[in-house]
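J.: Got a structure here, written out as structure tokens. Questions coming.
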Amino acid sequence: MLRLVANRVVSSVLSLFGASLFSFIILRLTPGDPARLFLGPFATEAAVAQLRGKLGVDDPIPLQYLAYIGDFLRGDWGFSYTTGEPVVRELMERLPATLELGLCAFAFAVCGAVPLALVAVHHHGRAADRAALAFSFFGLGVPTFWFGLMLLVLFFERLGWLPGPDGRLSLNVAPPSVTGLYTVDALLAGQWAKFLDAARHLILPAITLGMAPLGFLTRLLRANLLDIAREPFILVARSRGVSRWAALVRHALPNACLPALTAAGLLFGQLLAGSLLVERVFNWPGAGALVAEGVLRQDFSVAQAFILLSAVMYVLAMLVVDLLAGLIDPRIRHPMTLE
Amino acid sequence: MPFRVGASQRCGRWVSNMSPPLLQVEGLRKTFSAGGYIVRAVDSISITVARGESLGIVGESGCGKSTLARCILRLIEPTAGEVHFDGIDILALDPAAMRQMRRRMQIVFQDGSGALDPRMSARSLVEEPLAIHGLGRSARRQAAEQMLALVGIPMQAADDVPARFSGGQRQRIGIARALVLKPDLLVLDEPVSAVDMSVQAQILNLLRDMQDRLHLTYLLIVHNLTVAEFFCDRVAVIYLGRIVEIATSVALARQALHPYTVSLFSGLRREGQERIVLRGEVSSLGGTPARGCPFQPRCPIGRHRELCSALAPPLAVVGSDHQVACHFPGALTA
Amino acid sequence: MNEDTILEVRDLRAEYVSAGRRVAAVRGVSFTLRRGEKMAIVGESGCGKSTLALALLGLLDPPGCFVGGSVRLNGREISGLDDRAMRRIRGRDIAFIYQDAMAALDPIRSIGSQLCDNIRRHQPAVGRAEARRRAAALLAAVEVPDAERRLDHYPHQCSGGMRQRVMIAMALANNPDVLVADEPTTALDVTTQAQVLALLDRLTAAHGFGIVLITHDFSEVEAFCDRVHVMYAGRIVEHGPVASVLPHPIHPYTQALLATMPRPGLARLPAIPGLPPDLGALSAGCAFAPRCPVGVGRAICTTDAPPPGPAECHFASELASGVAAGSPT
């Protein structure tokens, strides 16, 4: 097991290296003079030349790459052209919000997909199956922002059960910051009312963001379960007196999760990187909005930092997936051994 | 009596040993190494197959018989040894010459459904080898149709995909595909293991007919000794990559000498005779012992004998056309 | 009914329904199994033997469906029971062995956990440690070496013969009365096949359960079973003790099937002409008639179903006396 973990960690590091190289090359290929962009069209040639020297744009490429990596690791992610603030500070302020939202949406998707898929397969071919399929199609197809708005209309405006699009908390004082995730921080500080408030604010955006992954995972799990339910070991389990439902849950589901695990990892990476629309609808102070603005305004540093950050998120998610798979599947832990 | 010299009889067919052998294998070895384990899949095997003969290779899973077949056809590169086909050293041929040589040596696999492309029709499957070797379209079509008819696939089914055929029919298509190039040697890797008894009989009959009609030489690989005994002129029994007994099927049926061969026969049947049930299983992963007979751990005779654990018995001649690799041949009787 | 009888099947019928078409897979099968007896159901693919096994266990899922007939286990009628009641019986009174042990075991759970699970399902009073002890004892009983250590291994770490033994251990965990084995040795080597059959032999003698062995291999039947039932197109066409049916088969299909076994000295094997019938389009009369050497040209074979009996053939008595008179088969 230890060898497996070490193996996977090393390959993750290599992946990160590859991702950083790739993002570096992409960014260097984009047209535009970063120094000119930073200083604006009215700066003098001399000033631009001086900044170019400072930014190291004319240095040899390998040196630039090393500087890029070195800076990133040290936390110097450059300055945003639009606000003049250090990017790292801005991103780090807003990242926890996106993280919290992404985690909740993911949890919603997974906790919804598993029972839906199980019910669909147990009643395969009948009404419940068709309903589950229809629901997953809906989740995959519905436009995110429209759905978010509709949820707000229903639950906030008409019914008044849940808070509106006013960010993460109604009371504007955040709990003492430990992780940056308000729910966790509130629990850690014992502030029950703040916890409830933060949680209530999370419900609608999490559902909105999680609908598409829910639809996707349901369909995937359902297909895997159907395949596995046809395997002989399910029949043999039933021949020992296991009920159809128990055979599905205890034998088919763990086996079906294995191929779904990778997809789930990818989805999680996507959630973190693509929550922009939902953040807009709910006024969620996350990183998505920041990055979108940055890209639109050709804010070089922001885009650059975010690409690398997403790469880190993806690689970490896949590392977790790999380790989980090793935990679940003994064939990965113990390759064939001698008698 | 003239027919005794240099010929063997099988039910009316004469096989001549006077002409040079079609296939001559000397000291063939194939070693796989994976993760620190070394597996000697084929451990110095030498066999000769005369023109028109059927040689059976019998052994259980993990004994190396499939690897042996693939090495002989050079589908896998052997680690050492020589293979002479019709006098030509095929291991020394360059790729282009080898491709030409492949026309003369073909193989039929066990699982018809796995070996046939599920999207191609029976007709195109049989035409494909002809296309690879450059035959024109109408000549291909004609040859394929002839061959399909010969193996008993009706014309109206020629455009169906493999899934629409039964297991036995898929096997026939595989045979047709192998024979369409009119090879000299046909290697059959477990051709009847995956089919019912009556279909097995049909396929074996078909193979006999083809052999007579097209003057084929067969190398039949099976795990069932009775099938080999019925169908082949000579049978070689393989255990852990080595030949433990090789004899004409008549001689083998009369008396098998190696304990492993005896147990293959007697494990299941022969009323009035004692069943000999071996202990343990073939552990092929690195299982070949450094010295001593490979079968010794499971051998009812040799399990407790010094000689068997100290020295690997060589393949020795014990009768006309009967060789055994055993220190105590004939000691185990069924 | 003899109190020695543990399984009594009368006129069992099952079919598959798909796209409005009904295919009768089992068309009225009857047999009796006694304690300690080993009976074989022999047939080729498509004869309905696997459907029969599933129907016995009540595991026929749509599109298959149990149509009618009676199955009595120890005198109790189990054919009409609902799934909940059947679940108590499956694995405890009647057990099942599948042909491919690799596919029959959950690949991601250890052997010990699957065994213990099985034990505690039907004997809930047994605690975890006790279950583990029993599991090790079971493995030892099926001659798995180093049983205690094996409990923590996974299926892919075992050889084919070992996995089959594990499956037998699981089937016998709760001392069933009947063991239904669906082609248990098809996927095994000849020598392993002999070992597994010898093991089953010993276990039957020791525990007194009956075995229904479903196979297509006559040599296995000859070596191992007491009675044989030959199945063709959903019906048992011949049955009787192995010692009399195999050397002297009466029904033309049994004769033809036995004749296809390879024997040295023959130039060609007598093959059965034609193909098995389409079970969805069976006409009246004997199902084997189109391929039968005896029935060729005889009208009764195509119009009337043959009368039931040890050999279901219109000409059974003639064939039997021909056999008794020693004419070559």
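FYI, nothing fancy with the structure tokens labels: chains A, B, ... in order, residues from 1 per chain, ligands from 1 as they appear.
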Quick one: which residues from chain A are at most 7 Å off chain C, using only C-alpha atoms, as a ChimeraX atom specification?

T.: /A:232-233,236,239-243,251,329-330,336-337

J.: Pick out the residues sitting within 6 Å of segment 65-79 of chain C, and hand them over as an MDAnalysis selection string; count only C-alpha atoms, and ignore anything fewer than 6 positions along from it in its own chain.

T.: chainID C and resid 6:15

J.: If you keep C-alpha atoms, can you produce a file of those selected residues as a compact mmCIF listing (two decimals), in the first residue's frame?

T.:
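File written: out-v2.txt
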```txt
# COMPACT_ATOMS: atom_id res chain seq x y z
CA ILE C 6 -35.16 -34.63 -0.71
CA LEU C 7 -36.14 -33.08 -4.00
CA GLU C 8 -39.16 -33.91 -6.10
CA VAL C 9 -39.83 -32.06 -9.32
CA ARG C 10 -43.05 -32.62 -11.31
CA ASP C 11 -43.81 -31.18 -14.71
CA LEU C 12 -41.68 -28.08 -14.30
CA ARG C 13 -42.24 -25.56 -17.06
CA ALA C 14 -40.48 -22.28 -17.76
CA GLU C 15 -40.30 -19.97 -20.73
```

J.: What gap, in Å, lies between atom CA of Ala69 of chain B and atom CA of Gly87 of chain B?

T.: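 Distance between the two atoms: 18.3 Å.
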
J.: Could you list the residues in chain C lying within 7 Å of chain B, using only C-alpha atoms, and format the result as a list in words?

T.: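 For chain C, the answer reads Glu44, Ser45, Asp189, Val190, Thr191, Ala194, Gln195, Ser219, Glu220, Glu222, Ala223, Leu257, Thr260, Met261, Pro262, Arg263, Pro264, Gly265, Ala267, Arg268, Leu269, Ala271 and Ile272 of chain C.
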
J.: Extract, using only C-alpha atoms, all DNA, RNA and protein residues at most 12 Å from Ala131 of chain A, discarding same-chain residues fewer than 3 positions from it, and format them as an mmCIF file with N, CA and C atoms, in the first residue's frame.

T.:
```cif
data_model
loop_
_atom_site.group_PDB
_atom_site.id
_atom_site.type_symbol
_atom_site.label_atom_id
_atom_site.label_comp_id
_atom_site.auth_asym_id
_atom_site.auth_seq_id
_atom_site.Cartn_x
_atom_site.Cartn_y
_atom_site.Cartn_z
ATOM 1 N N LEU A 116 -30.370 7.474 -6.612
ATOM 2 C CA LEU A 116 -31.113 7.518 -7.860
ATOM 3 C C LEU A 116 -30.742 6.355 -8.776
ATOM 4 N N ALA A 117 -29.438 6.121 -8.910
ATOM 5 C CA ALA A 117 -28.985 5.043 -9.784
ATOM 6 C C ALA A 117 -29.444 3.690 -9.244
ATOM 7 N N VAL A 119 -32.045 2.988 -7.344
ATOM 8 C CA VAL A 119 -33.489 2.817 -7.548
ATOM 9 C C VAL A 119 -33.782 2.532 -9.018
ATOM 10 N N ALA A 120 -33.085 3.249 -9.885
ATOM 11 C CA ALA A 120 -33.323 3.049 -11.316
ATOM 12 C C ALA A 120 -33.022 1.610 -11.723
ATOM 13 N N VAL A 121 -31.899 1.073 -11.225
ATOM 14 C CA VAL A 121 -31.519 -0.273 -11.624
ATOM 15 C C VAL A 121 -32.419 -1.316 -10.979
ATOM 16 N N HIS A 123 -35.502 -1.021 -10.302
ATOM 17 C CA HIS A 123 -36.769 -1.043 -11.027
ATOM 18 C C HIS A 123 -36.541 -0.896 -12.520
ATOM 19 N N HIS A 124 -35.512 -1.524 -13.001
ATOM 20 C CA HIS A 124 -35.093 -1.342 -14.390
ATOM 21 C C HIS A 124 -36.231 -1.602 -15.360
ATOM 22 N N GLY A 125 -36.435 -0.675 -16.284
ATOM 23 C CA GLY A 125 -37.454 -0.863 -17.300
ATOM 24 C C GLY A 125 -38.812 -0.344 -16.871
ATOM 25 N N ARG A 126 -38.946 -0.037 -15.588
ATOM 26 C CA ARG A 126 -40.272 0.418 -15.135
ATOM 27 C C ARG A 126 -40.268 1.919 -14.888
ATOM 28 N N ALA A 127 -41.364 2.411 -14.325
ATOM 29 C CA ALA A 127 -41.578 3.851 -14.211
ATOM 30 C C ALA A 127 -40.463 4.555 -13.441
ATOM 31 N N ALA A 128 -40.034 3.955 -12.324
ATOM 32 C CA ALA A 128 -39.014 4.626 -11.506
ATOM 33 C C ALA A 128 -37.727 4.822 -12.296
ATOM 34 N N ALA A 134 -35.090 10.543 -16.756
ATOM 35 C CA ALA A 134 -35.589 11.847 -17.179
ATOM 36 C C ALA A 134 -34.989 12.946 -16.310
ATOM 37 N N PHE A 135 -34.954 12.679 -15.023
ATOM 38 C CA PHE A 135 -34.403 13.661 -14.096
ATOM 39 C C PHE A 135 -32.935 13.932 -14.409
ATOM 40 N N SER A 136 -32.187 12.906 -14.741
ATOM 41 C CA SER A 136 -30.767 13.123 -15.021
ATOM 42 C C SER A 136 -30.591 13.888 -16.329
ATOM 43 N N PHE A 137 -31.452 13.632 -17.293
ATOM 44 C CA PHE A 137 -31.387 14.411 -18.525
ATOM 45 C C PHE A 137 -31.658 15.886 -18.248
ATOM 46 N N PHE A 138 -32.650 16.100 -17.384
ATOM 47 C CA PHE A 138 -32.976 17.467 -17.003
ATOM 48 C C PHE A 138 -31.750 18.141 -16.398
ATOM 49 N N THR A 218 -25.433 10.120 -12.236
ATOM 50 C CA THR A 218 -26.544 9.164 -12.192
ATOM 51 C C THR A 218 -26.511 8.263 -13.414
#
```

J.: Using only C-alpha atoms, which residues sit within 10 Å of Met155 of chain B once same-chain residues fewer than 6 positions away are excluded, as a PyMOL selection string?

T.: chain B and resi 123+145-146+148-149

J.: From segment 15-203 of chain B, collect each residue whose DSSP state is strand (DSSP E) and return the set as a ChimeraX atom specification.

T.: /B:15-16,23-34,37-49,54-58,80-85,88-89,105-108,185-189

J.: Please produce a file of the residues just selected, as a compact mmCIF listing (two decimals), in the first residue's frame, where the atoms kept are N, CA and C atoms.

T.:
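And here's selection.txt as it stands now:
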```txt
# COMPACT_ATOMS: atom_id res chain seq x y z
N VAL B 15 1.00 -41.96 -44.16
CA VAL B 15 1.82 -40.77 -43.96
C VAL B 15 3.26 -41.17 -44.19
N SER B 16 3.91 -40.51 -45.08
CA SER B 16 5.25 -40.94 -45.43
C SER B 16 6.31 -40.26 -44.56
N LEU B 23 8.11 -29.86 -40.81
CA LEU B 23 8.45 -28.95 -39.71
C LEU B 23 9.48 -29.61 -38.82
N GLN B 24 10.55 -28.86 -38.54
CA GLN B 24 11.57 -29.41 -37.67
C GLN B 24 11.91 -28.34 -36.63
N VAL B 25 11.66 -28.67 -35.37
CA VAL B 25 11.91 -27.72 -34.29
C VAL B 25 13.02 -28.29 -33.42
N GLU B 26 14.06 -27.48 -33.16
CA GLU B 26 15.19 -27.95 -32.36
C GLU B 26 15.39 -27.04 -31.16
N GLY B 27 15.35 -27.61 -29.99
CA GLY B 27 15.73 -26.87 -28.78
C GLY B 27 15.03 -25.54 -28.60
N LEU B 28 13.74 -25.49 -28.88
CA LEU B 28 13.03 -24.22 -28.82
C LEU B 28 12.83 -23.80 -27.37
N ARG B 29 13.15 -22.54 -27.10
CA ARG B 29 12.95 -22.01 -25.76
C ARG B 29 12.24 -20.68 -25.82
N LYS B 30 11.35 -20.43 -24.84
CA LYS B 30 10.77 -19.10 -24.71
C LYS B 30 10.67 -18.78 -23.24
N THR B 31 11.33 -17.71 -22.86
CA THR B 31 11.33 -17.33 -21.45
C THR B 31 10.68 -15.97 -21.29
N PHE B 32 9.76 -15.85 -20.35
CA PHE B 32 9.18 -14.55 -20.04
C PHE B 32 9.70 -14.11 -18.68
N SER B 33 10.05 -12.84 -18.58
CA SER B 33 10.41 -12.37 -17.24
C SER B 33 9.53 -11.18 -16.91
N ALA B 34 8.91 -11.25 -15.73
CA ALA B 34 8.02 -10.17 -15.32
C ALA B 34 8.19 -9.94 -13.84
N TYR B 37 10.08 -12.40 -11.70
CA TYR B 37 9.85 -13.83 -11.92
C TYR B 37 10.29 -14.22 -13.32
N ILE B 38 10.86 -15.39 -13.43
CA ILE B 38 11.22 -15.88 -14.76
C ILE B 38 10.35 -17.08 -15.05
N VAL B 39 9.64 -17.05 -16.14
CA VAL B 39 8.79 -18.17 -16.51
C VAL B 39 9.34 -18.80 -17.77
N ARG B 40 9.73 -20.07 -17.64
CA ARG B 40 10.21 -20.76 -18.84
C ARG B 40 9.01 -21.44 -19.48
N ALA B 41 8.34 -20.70 -20.33
CA ALA B 41 7.11 -21.22 -20.91
C ALA B 41 7.39 -22.40 -21.83
N VAL B 42 8.42 -22.29 -22.64
CA VAL B 42 8.81 -23.40 -23.50
C VAL B 42 10.26 -23.71 -23.14
N ASP B 43 10.49 -24.92 -22.67
CA ASP B 43 11.80 -25.22 -22.09
C ASP B 43 12.53 -26.27 -22.91
N SER B 44 13.12 -25.86 -24.02
CA SER B 44 13.91 -26.75 -24.84
C SER B 44 13.08 -27.89 -25.43
N ILE B 45 12.28 -27.56 -26.39
CA ILE B 45 11.42 -28.56 -27.04
C ILE B 45 11.90 -28.82 -28.46
N SER B 46 11.97 -30.10 -28.83
CA SER B 46 12.34 -30.47 -30.20
C SER B 46 11.30 -31.42 -30.73
N ILE B 47 10.72 -31.10 -31.85
CA ILE B 47 9.78 -32.02 -32.47
C ILE B 47 9.93 -31.99 -33.98
N THR B 48 9.45 -33.05 -34.61
CA THR B 48 9.48 -33.14 -36.06
C THR B 48 8.08 -33.51 -36.51
N VAL B 49 7.63 -32.88 -37.56
CA VAL B 49 6.31 -33.22 -38.09
C VAL B 49 6.46 -33.56 -39.57
N SER B 54 -0.63 -35.59 -38.57
CA SER B 54 -1.26 -34.77 -37.54
C SER B 54 -0.53 -35.03 -36.24
N LEU B 55 0.05 -34.01 -35.68
CA LEU B 55 0.71 -34.15 -34.38
C LEU B 55 -0.14 -33.45 -33.34
N GLY B 56 -0.44 -34.17 -32.26
CA GLY B 56 -1.22 -33.56 -31.18
C GLY B 56 -0.30 -33.09 -30.08
N ILE B 57 -0.58 -31.92 -29.54
CA ILE B 57 0.17 -31.40 -28.39
C ILE B 57 -0.83 -31.29 -27.25
N VAL B 58 -0.60 -32.09 -26.22
CA VAL B 58 -1.58 -32.16 -25.14
C VAL B 58 -0.99 -31.62 -23.86
N ALA B 80 15.34 -18.88 -27.87
CA ALA B 80 16.46 -19.65 -28.43
C ALA B 80 15.88 -20.81 -29.22
N GLY B 81 16.72 -21.45 -30.03
CA GLY B 81 16.29 -22.64 -30.76
C GLY B 81 16.13 -22.38 -32.24
N GLU B 82 15.77 -23.42 -32.96
CA GLU B 82 15.63 -23.30 -34.41
C GLU B 82 14.31 -23.87 -34.87
N VAL B 83 13.75 -23.26 -35.89
CA VAL B 83 12.53 -23.77 -36.50
C VAL B 83 12.75 -23.83 -38.00
N HIS B 84 12.70 -25.05 -38.53
CA HIS B 84 12.88 -25.20 -39.98
C HIS B 84 11.58 -25.64 -40.60
N PHE B 85 11.09 -24.85 -41.53
CA PHE B 85 9.84 -25.18 -42.21
C PHE B 85 10.17 -25.50 -43.65
N ILE B 88 13.59 -24.55 -44.62
CA ILE B 88 14.00 -23.14 -44.50
C ILE B 88 13.99 -22.72 -43.03
N ASP B 89 15.07 -22.05 -42.63
CA ASP B 89 15.15 -21.59 -41.25
C ASP B 89 14.32 -20.31 -41.10
N MET B 105 1.76 -21.28 -43.53
CA MET B 105 1.51 -21.78 -42.19
C MET B 105 0.45 -20.90 -41.54
N GLN B 106 -0.69 -21.49 -41.22
CA GLN B 106 -1.80 -20.71 -40.68
C GLN B 106 -2.25 -21.26 -39.33
N ILE B 107 -3.05 -20.47 -38.63
CA ILE B 107 -3.49 -20.88 -37.30
C ILE B 107 -4.98 -20.62 -37.11
N VAL B 108 -5.65 -21.55 -36.45
CA VAL B 108 -7.06 -21.37 -36.09
C VAL B 108 -7.12 -21.29 -34.57
N LEU B 185 0.80 -26.04 -43.60
CA LEU B 185 0.69 -26.41 -42.19
C LEU B 185 -0.45 -25.64 -41.54
N LEU B 186 -1.29 -26.33 -40.79
CA LEU B 186 -2.35 -25.65 -40.05
C LEU B 186 -2.20 -25.96 -38.58
N VAL B 187 -2.05 -24.92 -37.79
CA VAL B 187 -1.98 -25.07 -36.34
C VAL B 187 -3.36 -24.79 -35.77
N LEU B 188 -3.87 -25.70 -34.96
CA LEU B 188 -5.21 -25.50 -34.38
C LEU B 188 -5.07 -25.40 -32.86
N ASP B 189 -5.35 -24.22 -32.33
CA ASP B 189 -5.20 -24.00 -30.89
C ASP B 189 -6.54 -24.21 -30.20
```

J.: Skip Ile211 of chain C itself and residues of its chain fewer than 4 positions away, then list as a PyMOL selection string all residues within 7 Å of it, counting only C-alpha atoms.

T.: chain C and resi 37-39+178-180

J.: Mind pulling up the distance from atom CA of Arg51 of chain B to atom CA of Val151 of chain B?

T.: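 Atom-to-atom, atom CA of Val151 of chain B and atom CA of Arg51 of chain B are spaced 22.5 Å apart.
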
J.: What does the distance from atom CA of Leu275 of chain C to atom CA of Pro290 of chain C come to in Å, to one decimal?

T.: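 That distance, rounded to one decimal, is 9.3 Å.
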
J.: Please return as a ChimeraX atom specification: the residues of segment 164-324 of chain B that backbone DSSP assigns to alpha helix (DSSP H).

T.: /B:167-179,197-214,225-231,249-254,259-266,306-310

J.: Just the residues within 6 Å of Gly64 of chain C, please, counting only C-alpha atoms, with nothing from its chain fewer than 3 positions along; format it as a tab-separated table (two decimals) with N, CA and C atoms, in the first residue's frame.

T.:
```tsv
chain	number	residue	atom	x	y	z
C	15	GLU	N	-40.47	-20.50	-19.38
C	15	GLU	CA	-40.30	-19.97	-20.73
C	15	GLU	C	-39.71	-18.57	-20.69
C	16	TYR	N	-39.31	-18.12	-21.86
C	16	TYR	CA	-38.81	-16.74	-22.02
C	16	TYR	C	-39.80	-15.99	-22.89
C	60	LEU	N	-35.38	-17.17	-11.71
C	60	LEU	CA	-35.63	-16.81	-13.09
C	60	LEU	C	-36.17	-15.39	-13.16
C	61	ASP	N	-35.35	-14.49	-13.68
C	61	ASP	CA	-35.78	-13.10	-13.80
C	61	ASP	C	-36.36	-12.86	-15.17
```

J.: Just the residues within 8 Å of Leu101 of chain A, please, counting only C-alpha atoms, with nothing from its chain fewer than 3 positions along; format it as a list in words.

T.: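 Near neighbours after the sequence-gap exclusion: Ala97, Thr98, Cys104, Ala105, Leu202, Pro205 and Ala206 of chain A.
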